[in-house]
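Here is start_16.txt, consisting of compact mmCIF, C-alpha atoms:
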# COMPACT_ATOMS: atom_id res chain seq x y z
CA MET A 1398 -38.24 52.17 -118.85
CA SER A 1399 -37.28 48.73 -117.87
CA GLY A 1400 -35.85 50.03 -114.65
CA ARG A 1401 -39.08 51.48 -113.57
CA SER A 1402 -40.89 48.28 -114.36
CA ALA A 1403 -38.52 46.41 -112.10
CA ASN A 1404 -39.10 48.83 -109.32
CA ARG A 1405 -42.75 48.39 -109.63
CA ALA A 1406 -42.45 44.66 -109.54
CA PHE A 1407 -40.22 44.86 -106.44
CA GLY A 1408 -42.45 47.20 -104.61
CA LYS A 1409 -45.62 45.27 -105.39
CA ARG A 1410 -47.29 43.74 -102.31
CA LYS A 1411 -47.34 39.99 -102.19
CA GLU A 1412 -50.82 38.63 -101.95
CA ASN A 1413 -51.88 35.97 -99.47
CA HIS A 1414 -53.08 32.53 -100.45
CA VAL A 1415 -56.83 31.93 -100.34
CA LEU A 1416 -58.24 28.52 -99.52
CA ILE A 1417 -61.71 28.02 -101.14
CA LEU A 1418 -63.95 25.24 -99.92
CA ALA A 1419 -67.12 24.49 -101.94
CA SER A 1420 -69.83 22.13 -100.78
CA GLY A 1421 -72.95 22.25 -102.92
CA ASP A 1422 -74.27 25.73 -103.04
CA LYS A 1423 -72.06 26.80 -100.17
CA VAL A 1424 -68.71 28.18 -100.96
CA ARG A 1425 -66.29 29.11 -98.21
CA HIS A 1426 -62.87 30.58 -98.46
CA MET A 1427 -60.16 31.19 -95.89
CA THR A 1428 -57.11 33.29 -96.28
CA VAL A 1429 -53.94 31.48 -95.33
CA ARG A 1430 -51.40 33.83 -93.85
CA PRO A 1431 -47.70 32.96 -93.59
CA TRP A 1432 -47.61 32.67 -89.83
CA MET A 1433 -50.53 30.29 -89.90
CA ALA A 1434 -48.65 28.10 -92.32
CA ALA A 1435 -45.59 28.21 -90.05
CA MET A 1436 -47.66 27.18 -87.09
CA ALA A 1437 -49.25 24.35 -89.00
CA VAL A 1438 -45.87 23.07 -90.10
CA SER A 1439 -44.51 23.36 -86.54
CA PHE A 1440 -47.45 21.51 -85.05
CA ALA A 1441 -47.08 18.77 -87.62
CA GLY A 1442 -43.39 18.49 -86.75
CA VAL A 1443 -44.10 18.27 -83.02
CA CYS A 1444 -46.68 15.60 -83.53
CA SER A 1445 -44.29 13.65 -85.69
CA ILE A 1446 -41.55 13.84 -83.06
CA GLY A 1447 -43.98 12.83 -80.30
CA TYR A 1448 -45.13 9.94 -82.37
CA LEU A 1449 -41.62 8.80 -83.02
CA ALA A 1450 -40.72 9.18 -79.30
CA ALA A 1451 -43.77 7.24 -78.18
CA THR A 1452 -43.02 4.52 -80.67
CA SER A 1453 -39.38 4.31 -79.51
CA TYR A 1454 -40.45 4.17 -75.83
CA LEU A 1455 -42.88 1.36 -76.54
CA VAL A 1456 -40.23 -0.53 -78.39
CA LEU A 1457 -37.41 0.07 -75.85
CA ARG A 1458 -39.46 0.13 -72.61
CA ASP A 1459 -38.55 -3.37 -71.46
CA ASP A 1460 -34.83 -2.73 -71.88
CA LEU A 1461 -35.04 0.53 -69.91
CA ILE A 1462 -37.00 -1.06 -67.09
CA GLY A 1463 -34.60 -3.99 -66.93
CA GLY A 1464 -31.59 -1.67 -66.81
CA THR A 1465 -33.15 0.41 -64.04
CA ILE A 1466 -33.95 -2.69 -61.96
CA ALA A 1467 -30.44 -4.03 -62.46
CA ARG A 1468 -28.93 -0.70 -61.41
CA GLN A 1469 -31.06 -0.60 -58.28
CA ALA A 1470 -30.14 -4.19 -57.48
CA ARG A 1471 -26.44 -3.37 -57.79
CA MET A 1472 -26.84 -0.36 -55.51
CA GLN A 1473 -28.73 -2.49 -52.97
CA HIS A 1474 -26.01 -5.14 -53.00
CA GLU A 1475 -23.32 -2.51 -52.53
CA TYR A 1476 -25.15 -1.02 -49.55
CA GLU A 1477 -25.71 -4.48 -48.03
CA ASP A 1478 -22.03 -5.35 -48.46
CA ARG A 1479 -21.02 -2.09 -46.84
CA ILE A 1480 -23.44 -2.61 -43.96
CA THR A 1481 -22.07 -6.15 -43.46
CA ALA A 1482 -18.52 -4.83 -43.40
CA LEU A 1483 -19.47 -2.14 -40.88
CA ARG A 1484 -21.21 -4.72 -38.70
CA ALA A 1485 -18.14 -6.94 -38.81
CA GLN A 1486 -15.95 -3.99 -37.86
CA VAL A 1487 -18.30 -3.11 -34.99
CA ASP A 1488 -18.19 -6.72 -33.82
CA ARG A 1489 -14.38 -6.70 -33.90
CA VAL A 1490 -14.25 -3.43 -31.99
CA THR A 1491 -16.76 -4.74 -29.44
CA SER A 1492 -14.88 -8.01 -29.04
CA ARG A 1493 -11.59 -6.14 -28.65
CA GLN A 1494 -13.17 -3.83 -26.08
CA LEU A 1495 -14.60 -6.77 -24.14
CA LEU A 1496 -11.22 -8.50 -24.27
CA ASP A 1497 -9.50 -5.31 -23.09
CA GLN A 1498 -12.07 -5.02 -20.31
CA GLN A 1499 -11.41 -8.60 -19.23
CA VAL A 1500 -7.65 -8.06 -19.28
CA VAL A 1501 -8.02 -4.82 -17.32
CA GLU A 1502 -10.28 -6.47 -14.75
CA GLU A 1503 -7.81 -9.34 -14.33
CA LYS A 1504 -4.96 -6.88 -13.81
CA VAL A 1505 -7.08 -4.84 -11.41
CA GLU A 1506 -7.95 -7.97 -9.43
CA LYS A 1507 -4.27 -8.88 -9.28
CA LEU A 1508 -3.31 -5.40 -8.11
CA LEU A 1509 -6.11 -5.41 -5.55
CA ARG A 1510 -4.95 -8.76 -4.20
CA GLN A 1511 -1.43 -7.35 -3.87
CA GLN A 1512 -2.78 -4.20 -2.23
CA MET A 1513 -4.92 -6.19 0.21
CA ALA A 1514 -1.95 -8.42 1.04
CA LEU A 1515 0.20 -5.36 1.68
CA THR A 1516 -2.54 -3.82 3.80
CA SER A 1517 -2.76 -7.00 5.85
CA ARG A 1518 1.01 -7.09 6.15
CA ASN A 1519 1.02 -3.45 7.18
CA GLY A 1520 -1.42 -4.23 9.99
CA LYS A 1521 0.74 -7.08 11.26
CA LEU A 1522 3.88 -5.00 10.86
CA GLY A 1523 2.26 -2.09 12.69
CA ALA A 1524 1.62 -4.22 15.78
CA LEU A 1525 5.23 -5.41 15.82
CA VAL A 1526 6.52 -1.89 15.19
CA GLU A 1527 4.56 -0.69 18.22
CA ARG A 1528 6.15 -3.47 20.28
CA ALA A 1529 9.57 -2.57 18.87
CA GLU A 1530 9.11 1.12 19.61
CA SER A 1531 7.92 0.32 23.11
CA SER A 1532 11.15 -1.69 23.44
CA GLY A 1533 13.18 1.36 22.37
CA LEU A 1534 13.93 0.17 18.82
CA THR A 1535 13.54 2.75 16.07
CA THR A 1536 14.07 2.99 12.33
CA GLU A 1537 14.39 6.00 10.06
CA SER A 1538 10.61 6.43 9.82
CA ASN A 1539 8.54 6.67 12.96
CA GLU A 1540 5.34 5.26 11.54
CA PRO A 1541 4.74 2.24 9.30
CA GLN A 1542 4.00 3.40 5.80
CA THR A 1543 0.30 3.51 5.08
CA ILE A 1544 -1.05 2.28 1.77
CA GLU A 1545 -3.58 4.30 -0.05
CA PRO A 1546 -6.75 2.28 -0.48
CA LEU A 1547 -7.54 1.32 -4.06
CA ALA A 1548 -11.26 0.98 -3.38
CA TYR A 1549 -11.08 -2.79 -3.74
CA GLU A 1550 -14.78 -3.15 -3.06
CA LYS A 1551 -15.38 -1.61 -6.53
CA ARG A 1552 -15.04 -3.29 -9.90
CA ALA A 1553 -13.80 -1.77 -13.14
CA ASP A 1554 -16.50 -0.29 -15.34
CA ALA A 1555 -15.58 -0.67 -19.02
CA SER A 1556 -18.35 1.58 -20.28
CA GLY A 1557 -15.82 4.36 -20.69
CA GLY A 1558 -12.97 2.11 -21.80
CA GLY A 1559 -10.61 -0.13 -19.86
CA VAL A 1560 -7.99 2.55 -19.21
CA LYS A 1561 -10.57 5.03 -17.96
CA ALA A 1562 -11.97 2.34 -15.72
CA ILE A 1563 -8.64 1.61 -14.07
CA GLU A 1564 -7.91 5.34 -13.77
CA LYS A 1565 -11.26 5.86 -12.11
CA LEU A 1566 -10.75 2.84 -9.88
CA MET A 1567 -7.37 4.01 -8.66
CA GLY A 1568 -8.33 7.65 -8.29
CA LEU A 1569 -6.20 8.88 -11.16
CA ASN A 1570 -7.15 12.10 -12.95
CA THR A 1571 -10.15 12.64 -10.68
CA ALA A 1572 -11.49 16.18 -10.35
CA SER A 1573 -13.05 17.47 -7.15
CA VAL A 1574 -16.19 19.53 -6.84
CA THR A 1575 -14.23 22.78 -7.03
CA GLY A 1576 -12.67 21.73 -10.30
CA THR A 1577 -9.16 21.15 -8.97
CA VAL A 1578 -7.46 17.85 -9.64
CA ARG A 1579 -6.77 15.74 -6.58
CA PRO A 1580 -3.26 14.30 -6.33
CA ALA A 1581 -3.04 10.71 -7.49
CA PRO A 1582 -2.37 8.18 -4.72
CA LEU A 1583 0.38 6.60 -6.82
CA ALA A 1584 2.93 7.98 -9.26
CA TYR A 1585 1.18 9.00 -12.46
CA VAL A 1586 2.25 10.99 -15.51
CA ALA A 1587 -0.10 12.74 -17.91
CA PRO A 1588 -0.75 10.52 -20.97
CA ASP A 1589 0.88 11.32 -24.28
CA ALA A 1590 -1.49 12.14 -27.10
CA ALA A 1591 0.37 9.80 -29.44
CA GLU A 1592 0.24 6.94 -26.93
CA SER A 1593 -2.05 4.03 -27.70
CA THR A 1594 -4.69 2.81 -25.28
CA SER A 1595 -2.90 -0.50 -24.74
CA ASP A 1596 0.45 1.19 -24.08
CA ARG A 1597 -1.22 3.65 -21.76
CA ALA A 1598 -2.87 0.86 -19.77
CA ASP A 1599 0.41 -1.08 -19.54
CA ARG A 1600 2.21 2.04 -18.35
CA ILE A 1601 -0.37 2.71 -15.66
CA PHE A 1602 -0.30 -0.89 -14.41
CA SER A 1603 3.51 -0.88 -14.47
CA LYS A 1604 3.66 2.25 -12.33
CA VAL A 1605 1.10 0.90 -9.86
CA THR A 1606 2.94 -2.43 -9.66
CA LEU A 1607 6.25 -0.67 -9.07
CA SER A 1608 4.65 1.44 -6.34
CA LEU A 1609 3.33 -1.66 -4.60
CA LYS A 1610 6.74 -3.31 -4.99
CA ASP A 1611 8.36 -0.27 -3.38
CA VAL A 1612 5.95 -0.52 -0.43
CA GLU A 1613 6.70 -4.24 -0.08
CA LEU A 1614 10.45 -3.61 -0.27
CA GLU A 1615 10.19 -0.89 2.37
CA GLN A 1616 8.24 -3.23 4.63
CA MET A 1617 10.87 -5.95 4.23
CA THR A 1618 13.70 -3.45 4.84
CA ARG A 1619 12.05 -2.20 7.98
CA LEU A 1620 11.48 -5.73 9.24
CA LYS A 1621 15.15 -6.52 8.75
CA GLN A 1622 16.23 -3.29 10.48
CA LEU A 1623 14.01 -3.97 13.48
CA THR A 1624 15.09 -7.62 13.66
CA ASP A 1625 18.78 -6.69 13.50
CA GLY A 1626 18.23 -3.94 16.06
CA ALA A 1627 16.49 -6.28 18.49
CA ALA A 1628 19.17 -8.94 18.08
CA LYS A 1629 22.01 -6.43 18.55
CA THR A 1630 20.34 -4.93 21.63
CA SER A 1631 19.82 -8.36 23.15
CA ASP A 1632 23.44 -9.33 22.43
CA ALA A 1633 24.72 -6.05 23.89
CA ILE A 1634 22.72 -6.57 27.09
CA ARG A 1635 23.99 -10.13 27.45
CA SER A 1636 27.56 -8.96 26.82
CA ILE A 1637 27.34 -6.26 29.52
CA VAL A 1638 25.74 -8.62 32.01
CA GLY A 1639 28.31 -11.29 31.18
CA ARG A 1640 31.12 -9.00 32.40
CA THR A 1641 29.60 -9.15 35.87
CA GLY A 1642 30.03 -12.93 35.91
CA VAL A 1643 26.33 -13.71 35.43
CA ASP A 1644 25.45 -15.77 32.38
CA LEU A 1645 21.87 -15.12 31.40
CA PRO A 1646 20.19 -18.39 30.46
CA VAL A 1647 19.02 -18.56 26.87
CA GLY A 1648 15.41 -19.60 27.31
CA ASP A 1649 13.18 -21.21 24.72
CA VAL A 1650 11.27 -18.43 23.05
CA ALA A 1651 8.43 -20.82 22.34
CA GLU A 1652 7.79 -20.96 26.08
CA MET A 1653 7.14 -17.23 26.09
CA ILE A 1654 4.71 -17.21 23.19
CA PRO A 1655 1.74 -18.61 25.15
CA ALA A 1656 2.21 -15.87 27.73
CA VAL A 1657 2.14 -13.22 25.02
CA THR A 1658 -0.87 -14.75 23.25
CA SER A 1659 -2.74 -15.97 26.30
CA ASP A 1660 -5.97 -14.24 25.27
CA ALA A 1661 -6.01 -16.04 21.93
CA ALA A 1662 -5.12 -19.33 23.60
CA ASP A 1663 -8.02 -18.99 26.03
CA SER A 1664 -10.47 -18.80 23.12
CA ALA A 1665 -8.96 -21.80 21.29
CA ILE A 1666 -10.96 -25.04 21.44
CA GLY A 1667 -9.06 -27.59 19.39
CA GLY A 1668 -8.27 -29.00 15.98
CA PRO A 1669 -5.44 -30.77 14.17
CA PHE A 1670 -1.98 -29.27 14.61
CA VAL A 1671 -0.70 -27.45 11.53
CA GLU A 1672 2.62 -25.65 11.37
CA PRO A 1673 2.30 -21.85 11.14
CA ALA A 1674 2.20 -20.49 7.59
CA THR A 1675 5.61 -18.88 7.08
CA ASP A 1676 6.35 -20.05 3.55
CA ASP A 1677 6.59 -16.56 2.12
CA GLU A 1678 9.56 -14.32 2.77
CA PHE A 1679 7.46 -11.72 4.57
CA GLY A 1680 6.04 -14.35 6.90
CA ARG A 1681 9.50 -15.62 7.73
CA SER A 1682 10.75 -12.09 8.32
CA LEU A 1683 7.74 -11.34 10.49
CA ALA A 1684 8.35 -14.49 12.53
CA ALA A 1685 12.05 -13.60 12.84
CA LEU A 1686 11.17 -10.12 14.15
CA ASP A 1687 8.64 -11.59 16.58
CA THR A 1688 11.26 -14.05 17.83
CA ALA A 1689 13.90 -11.31 18.18
CA LEU A 1690 11.47 -9.10 20.12
CA LEU A 1691 10.53 -12.00 22.40
CA GLU A 1692 14.21 -12.75 23.04
CA LEU A 1693 14.84 -9.06 23.80
CA GLU A 1694 11.88 -8.93 26.17
CA GLN A 1695 13.03 -12.12 27.85
CA THR A 1696 16.59 -10.79 28.20
CA ARG A 1697 15.36 -7.53 29.69
CA ALA A 1698 13.03 -9.38 32.03
CA GLN A 1699 15.98 -11.45 33.28
CA VAL A 1700 18.13 -8.36 33.70
CA ARG A 1701 15.43 -6.66 35.78
CA THR A 1702 15.67 -9.51 38.29
CA LEU A 1703 19.39 -8.87 38.87
CA PRO A 1704 20.71 -6.40 41.46
CA PHE A 1705 21.75 -3.55 39.19
CA GLY A 1706 20.19 -0.92 41.43
CA ASN A 1707 21.94 1.21 44.05
CA PRO A 1708 20.83 0.45 47.62
CA SER A 1709 21.79 3.95 48.83
CA PRO A 1710 22.06 6.25 45.80
CA ALA A 1711 22.65 9.42 47.90
CA SER A 1712 25.62 7.94 49.76
CA ASP A 1713 29.31 7.84 48.86
CA ILE A 1714 31.37 4.65 48.71
CA THR A 1715 34.00 4.56 51.45
CA SER A 1716 35.47 1.10 51.00
CA ASP A 1717 35.79 -1.06 47.90
CA PHE A 1718 35.64 -4.79 47.35
CA GLY A 1719 38.86 -6.76 47.82
CA ASN A 1720 41.71 -7.37 50.25
CA ARG A 1721 42.29 -4.68 52.91
CA LEU A 1722 43.58 -4.33 56.48
CA ASP A 1723 40.98 -5.58 58.94
CA PRO A 1724 40.01 -2.65 61.28
CA PHE A 1725 39.80 -5.01 64.28
CA LEU A 1726 42.75 -7.36 63.70
CA GLY A 1727 45.00 -5.02 61.74
CA ARG A 1728 45.96 -7.69 59.21
CA LEU A 1729 45.04 -8.36 55.62
CA ALA A 1730 41.51 -9.70 55.08
CA LEU A 1731 39.00 -9.91 52.25
CA HIS A 1732 36.34 -7.25 52.22
CA ALA A 1733 33.50 -9.17 50.52
CA GLY A 1734 31.45 -6.08 49.60
CA ILE A 1735 31.47 -2.30 49.43
CA ASP A 1736 30.65 0.21 52.16
CA PHE A 1737 28.38 3.23 51.75
CA ARG A 1738 28.72 6.23 54.08
CA ALA A 1739 25.29 6.48 55.71
CA THR A 1740 24.15 7.94 59.00
CA VAL A 1741 22.04 5.87 61.32
CA GLY A 1742 18.47 5.70 60.03
CA THR A 1743 19.23 6.20 56.31
CA ARG A 1744 16.68 4.28 54.26
CA ILE A 1745 18.10 1.29 52.41
CA ARG A 1746 16.42 0.11 49.20
CA ALA A 1747 16.37 -3.27 47.46
CA ALA A 1748 18.74 -3.37 44.48
CA ALA A 1749 16.38 -5.69 42.57
CA PRO A 1750 13.15 -7.62 43.07
CA GLY A 1751 13.38 -10.92 44.86
CA THR A 1752 12.50 -13.03 47.91
CA VAL A 1753 13.81 -12.24 51.40
CA THR A 1754 15.76 -15.26 52.67
CA ASN A 1755 17.30 -13.72 55.79
CA ALA A 1756 16.14 -10.82 57.97
CA GLY A 1757 17.71 -10.27 61.42
CA LEU A 1758 20.90 -10.67 63.41
CA THR A 1759 23.54 -12.66 61.53
CA GLY A 1760 26.92 -12.86 63.31
CA GLY A 1761 29.39 -10.15 62.34
CA TYR A 1762 26.90 -8.70 59.84
CA GLY A 1763 24.72 -7.50 62.70
CA ASN A 1764 21.22 -6.89 61.45
CA MET A 1765 21.22 -8.15 57.89
CA VAL A 1766 18.75 -8.60 55.04
CA GLU A 1767 19.49 -11.09 52.28
CA ILE A 1768 17.43 -11.21 49.09
CA ASP A 1769 17.47 -14.04 46.55
CA HIS A 1770 17.13 -12.68 42.97
CA GLY A 1771 17.24 -16.00 41.14
CA ASN A 1772 19.84 -17.37 38.72
CA GLY A 1773 22.13 -17.99 41.74
CA VAL A 1774 22.37 -14.26 42.52
CA SER A 1775 21.64 -12.78 45.97
CA SER A 1776 22.32 -9.46 47.68
CA ARG A 1777 23.14 -8.70 51.34
CA TYR A 1778 22.58 -5.49 53.32
CA ALA A 1779 24.42 -5.50 56.69
CA HIS A 1780 25.02 -3.45 59.90
CA LEU A 1781 21.41 -2.23 59.84
CA SER A 1782 19.73 -0.39 62.66
CA ALA A 1783 16.26 -1.57 61.67
CA VAL A 1784 14.91 -4.37 59.47
CA LEU A 1785 11.59 -3.58 57.75
CA VAL A 1786 10.95 -6.93 56.04
CA LYS A 1787 10.70 -10.56 57.09
CA VAL A 1788 11.74 -13.88 55.59
CA GLY A 1789 9.52 -14.89 52.68
CA ASP A 1790 8.52 -11.36 51.67
CA GLN A 1791 8.50 -10.51 47.99
CA VAL A 1792 10.16 -7.14 47.49
CA LYS A 1793 10.36 -4.86 44.48
CA GLU A 1794 13.30 -2.93 43.13
CA GLY A 1795 13.72 0.31 45.03
CA GLU A 1796 11.48 -0.79 47.91
CA VAL A 1797 12.70 0.35 51.36
CA ILE A 1798 13.73 -2.80 53.24
CA ALA A 1799 15.78 -1.46 56.19
CA LYS A 1800 17.59 1.48 57.81
CA SER A 1801 21.35 1.85 58.08
CA GLY A 1802 23.13 1.54 61.43
CA ASN A 1803 26.22 0.35 63.30
CA THR A 1804 25.36 -3.19 64.42
CA GLY A 1805 27.60 -6.25 64.30
CA ARG A 1806 31.32 -6.09 63.51
CA SER A 1807 31.41 -2.41 62.61
CA THR A 1808 33.47 0.61 63.62
CA GLY A 1809 30.88 3.25 62.59
CA PRO A 1810 27.51 3.89 60.94
CA HIS A 1811 27.52 2.69 57.32
CA LEU A 1812 25.91 0.19 54.94
CA HIS A 1813 27.81 -2.96 53.99
CA TYR A 1814 26.51 -4.17 50.60
CA GLU A 1815 27.39 -7.58 49.13
CA ILE A 1816 26.42 -9.49 46.00
CA ARG A 1817 26.76 -13.27 46.01
CA LEU A 1818 26.94 -15.38 42.85
CA ASN A 1819 26.36 -19.09 43.47
CA GLY A 1820 27.41 -18.53 47.08
CA GLY A 1821 30.65 -16.68 46.31
CA ALA A 1822 31.17 -12.96 46.81
CA VAL A 1823 31.65 -10.79 43.70
CA ASP A 1824 32.44 -7.11 43.37
CA PRO A 1825 29.15 -5.12 43.56
CA MET A 1826 30.78 -2.34 41.52
CA ARG A 1827 30.55 -4.59 38.48
CA PHE A 1828 26.78 -4.41 38.74
CA ILE A 1829 26.69 -0.70 39.55
CA ASP A 1830 28.94 0.09 36.56
CA ALA A 1831 26.94 -2.28 34.34
CA SER A 1832 23.72 -0.51 35.32
CA ARG A 1833 25.06 2.72 33.80
CA LYS A 1834 25.88 0.93 30.55
CA LEU A 1835 22.54 -0.87 30.52
CA ALA A 1836 20.58 2.38 30.94
CA SER A 1837 20.60 3.00 27.19
CA TYR A 1838 19.38 -0.52 26.43
CA MET A 1839 16.69 -0.79 29.10
CA ASN A 1840 13.43 1.13 28.87

Could you rewrite the structure in this file as structure tokens?
Amino acid sequence: MSGRSANRAFGKRKENHVLILASGDKVRHMTVRPWMAAMAVSFAGVCSIGYLAATSYLVLRDDLIGGTIARQARMQHEYEDRITALRAQVDRVTSRQLLDQQVVEEKVEKLLRQQMALTSRNGKLGALVERAESSGLTTESNEPQTIEPLAYEKRADASGGGVKAIEKLMGLNTASVTGTVRPAPLAYVAPDAAESTSDRADRIFSKVTLSLKDVELEQMTRLKQLTDGAAKTSDAIRSIVGRTGVDLPVGDVAEMIPAVTSDAADSAIGGPFVEPATDDEFGRSLAALDTALLELEQTRAQVRTLPFGNPSPASDITSDFGNRLDPFLGRLALHAGIDFRATVGTRIRAAAPGTVTNAGLTGGYGNMVEIDHGNGVSSRYAHLSAVLVKVGDQVKEGEVIAKSGNTGRSTGPHLHYEIRLNGGAVDPMRFIDASRKLASYMN
């Protein structure tokens, strides 16, 4: 019985609360459901929290604003410090770049001065080399080494960096239109990736400097070779001529210089005398080569005045210089010349240039021509059938001066040829033999 009562109580529906509002004769009621109560409680809680939050914000607002401003100020200071540091770094980089540019430009100017000096030297050396080659002197190379131009009318542009500027200036690592790389004018090795810019620049300048030094050394070596060659040739010529008994006078080379530079002298007007600038080694070497070439030219010019030619090259020698039996007296007598076998009318040529001092009948010589060659040397051509020159004529080497014959103290047609040194007879074969030896030294 009690169990059933409990079940009824448990299964009984719970009734809702009723809110009754009375105002005078009006009575109103409203049923309050559970969810409405929950919403009312929730709304009240939210309002309470909002109120508390608003109150806390009003109380703590100044602190929050101050903290935010301080945080922004710290961030601003940090950014300003960083910007200042970056600006200082940029200034250092710019200053270093400008300094590198200045150093590169100074090195470029120095290299360009060296290159221009070598180019000027090469021009001077080229003129002397041409003179030396025309004199028969040669070195291992036939042409003076040319120097690649370094475009010295340009200046280094540091917009791409100092090293790039010098590479561009000197034509290093320059691509052509077709995309192929042109060969560098001077020795150059591809840069190492781990190499610094300063080391790379120093390496490039070192290689260029060494290349210019090599050119300068080659120029000096060639100057010395040509100078030694000219001196040895001149000494050899004098030695060969000396065996004939003729001592070539050693003239003052300074007397020959005005003749070589007559065109420049004609344009000179005046001014104080200053010694030529030969302080540097190259200048002294250049002057030494010029002097040696002038001495060689002077020596050769003197040799060309001596009778080293053959008056009758197609004829054989029938009688030598020296003592022999006289064909008329049959006793020992000095034969003061050599005899060439020549039929009557054979053309006789001058052995060297000179002035005719005798032309006509001269005692036992018959028809004779005598030519003065200077330096106390003269030549005589005797027993001629015809004389084609007269006293005072200036003749050249190889010029026909007479025709052979059988006049004077002669036993048959031939040419009697004498060479006189300071009035005394010397063996003409000395000069004919010397001419063969001089052929390799005369051009």

Straight-line distance linking atom CA of Ile1829 of chain A with atom CA of Thr1715 of chain A, stated in Å to one decimal: 14.9 Å

Selection near Asn1755 of chain A, 12 Å with all atoms listed in the file, sequence-local residues under 6 positions removed, as a PyMOL selection string: chain A and resi 1762-1769+1775-1779+1784-1790+1798

Residues of the last selection are to be written out with C-alpha atoms, as a PDB file, in the frame of the given file.
ATOM      1  CA  TYR A1762      26.900  -8.700  59.840  1.00  0.00           C
ATOM      2  CA  GLY A1763      24.720  -7.500  62.700  1.00  0.00           C
ATOM      3  CA  ASN A1764      21.220  -6.890  61.450  1.00  0.00           C
ATOM      4  CA  MET A1765      21.220  -8.150  57.890  1.00  0.00           C
ATOM      5  CA  VAL A1766      18.750  -8.600  55.040  1.00  0.00           C
ATOM      6  CA  GLU A1767      19.490 -11.090  52.280  1.00  0.00           C
ATOM      7  CA  ILE A1768      17.430 -11.210  49.090  1.00  0.00           C
ATOM      8  CA  ASP A1769      17.470 -14.040  46.550  1.00  0.00           C
ATOM      9  CA  SER A1775      21.640 -12.780  45.970  1.00  0.00           C
ATOM     10  CA  SER A1776      22.320  -9.460  47.680  1.00  0.00           C
ATOM     11  CA  ARG A1777      23.140  -8.700  51.340  1.00  0.00           C
ATOM     12  CA  TYR A1778      22.580  -5.490  53.320  1.00  0.00           C
ATOM     13  CA  ALA A1779      24.420  -5.500  56.690  1.00  0.00           C
ATOM     14  CA  VAL A1784      14.910  -4.370  59.470  1.00  0.00           C
ATOM     15  CA  LEU A1785      11.590  -3.580  57.750  1.00  0.00           C
ATOM     16  CA  VAL A1786      10.950  -6.930  56.040  1.00  0.00           C
ATOM     17  CA  LYS A1787      10.700 -10.560  57.090  1.00  0.00           C
ATOM     18  CA  VAL A1788      11.740 -13.880  55.590  1.00  0.00           C
ATOM     19  CA  GLY A1789       9.520 -14.890  52.680  1.00  0.00           C
ATOM     20  CA  ASP A1790       8.520 -11.360  51.670  1.00  0.00           C
ATOM     21  CA  ILE A1798      13.730  -2.800  53.240  1.00  0.00           C
TER      22      ILE A1798
END

Option closest in space to Arg1746 of chain A, from A:Val1823, A:Ala1419, A:Leu1781, A:Leu1607 [counting only C-alpha atoms]: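 Closest to Arg1746 of chain A, using only C-alpha atoms: A:Leu1781.
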
Of the listed residues A:Ala1711, A:Ala1822, A:Leu1508, A:Leu1726, that which approaches Ala1739 of chain A most closely, counting all atoms listed in the file: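 That would be A:Ala1711, the residue with the smallest distance to Ala1739 of chain A.
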
For atom CA of Pro1704 of chain A and atom CA of Ser1782 of chain A, the interatomic separation in Å (one decimal):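 Result for atom CA of Pro1704 of chain A versus atom CA of Ser1782 of chain A: 22.1 Å, one decimal.
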
Computed interatomic separation between atom CA of Ala1831 of chain A and atom CA of Gly1639 of chain A (Å):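 Those two atoms sit 9.6 Å apart.
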
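Here the question is which of A:Ala1698, A:Ala1524, A:Val1792, A:Leu1729 gets nearest to Pro1646 of chain A using all atoms listed in the file, and that residue is A:Ala1698.
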
Pick from A:Ser1807, A:Ala1598, A:Gly1771, A:Ala1627, whichever lies nearest to Asp1723 of chain A using all atoms listed in the file: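 Under the stated criterion, the closest residue is A:Ser1807.
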
Radius query 7 Å about (21.9, 0.3, 58.5), atoms used: all atoms listed in the file, as an NGL selection string: :A and (1741-1743 or 1779-1783 or 1799-1803 or 1811-1812)

Top pick for closest residue to Tyr1838 of chain A, considering A:Glu1503, A:Asp1422, A:Glu1678, A:Glu1694 and counting all atoms listed in the file: A:Glu1694

Within-10 Å shell of (6.7, -13.5, 10.7) in input frame, all atoms listed in the file, as an MDAnalysis selection string: chainID A and resid 1518 1521:1522 1525 1620 1673:1688

Long-range neighbours of Gly1706 of chain A as a PyMOL selection string, 10 Å cut-off, only C-alpha atoms, 2 positions minimum in chain: chain A and resi 1701+1703-1704+1708-1710+1746-1750+1794-1795+1828-1829+1831-1833
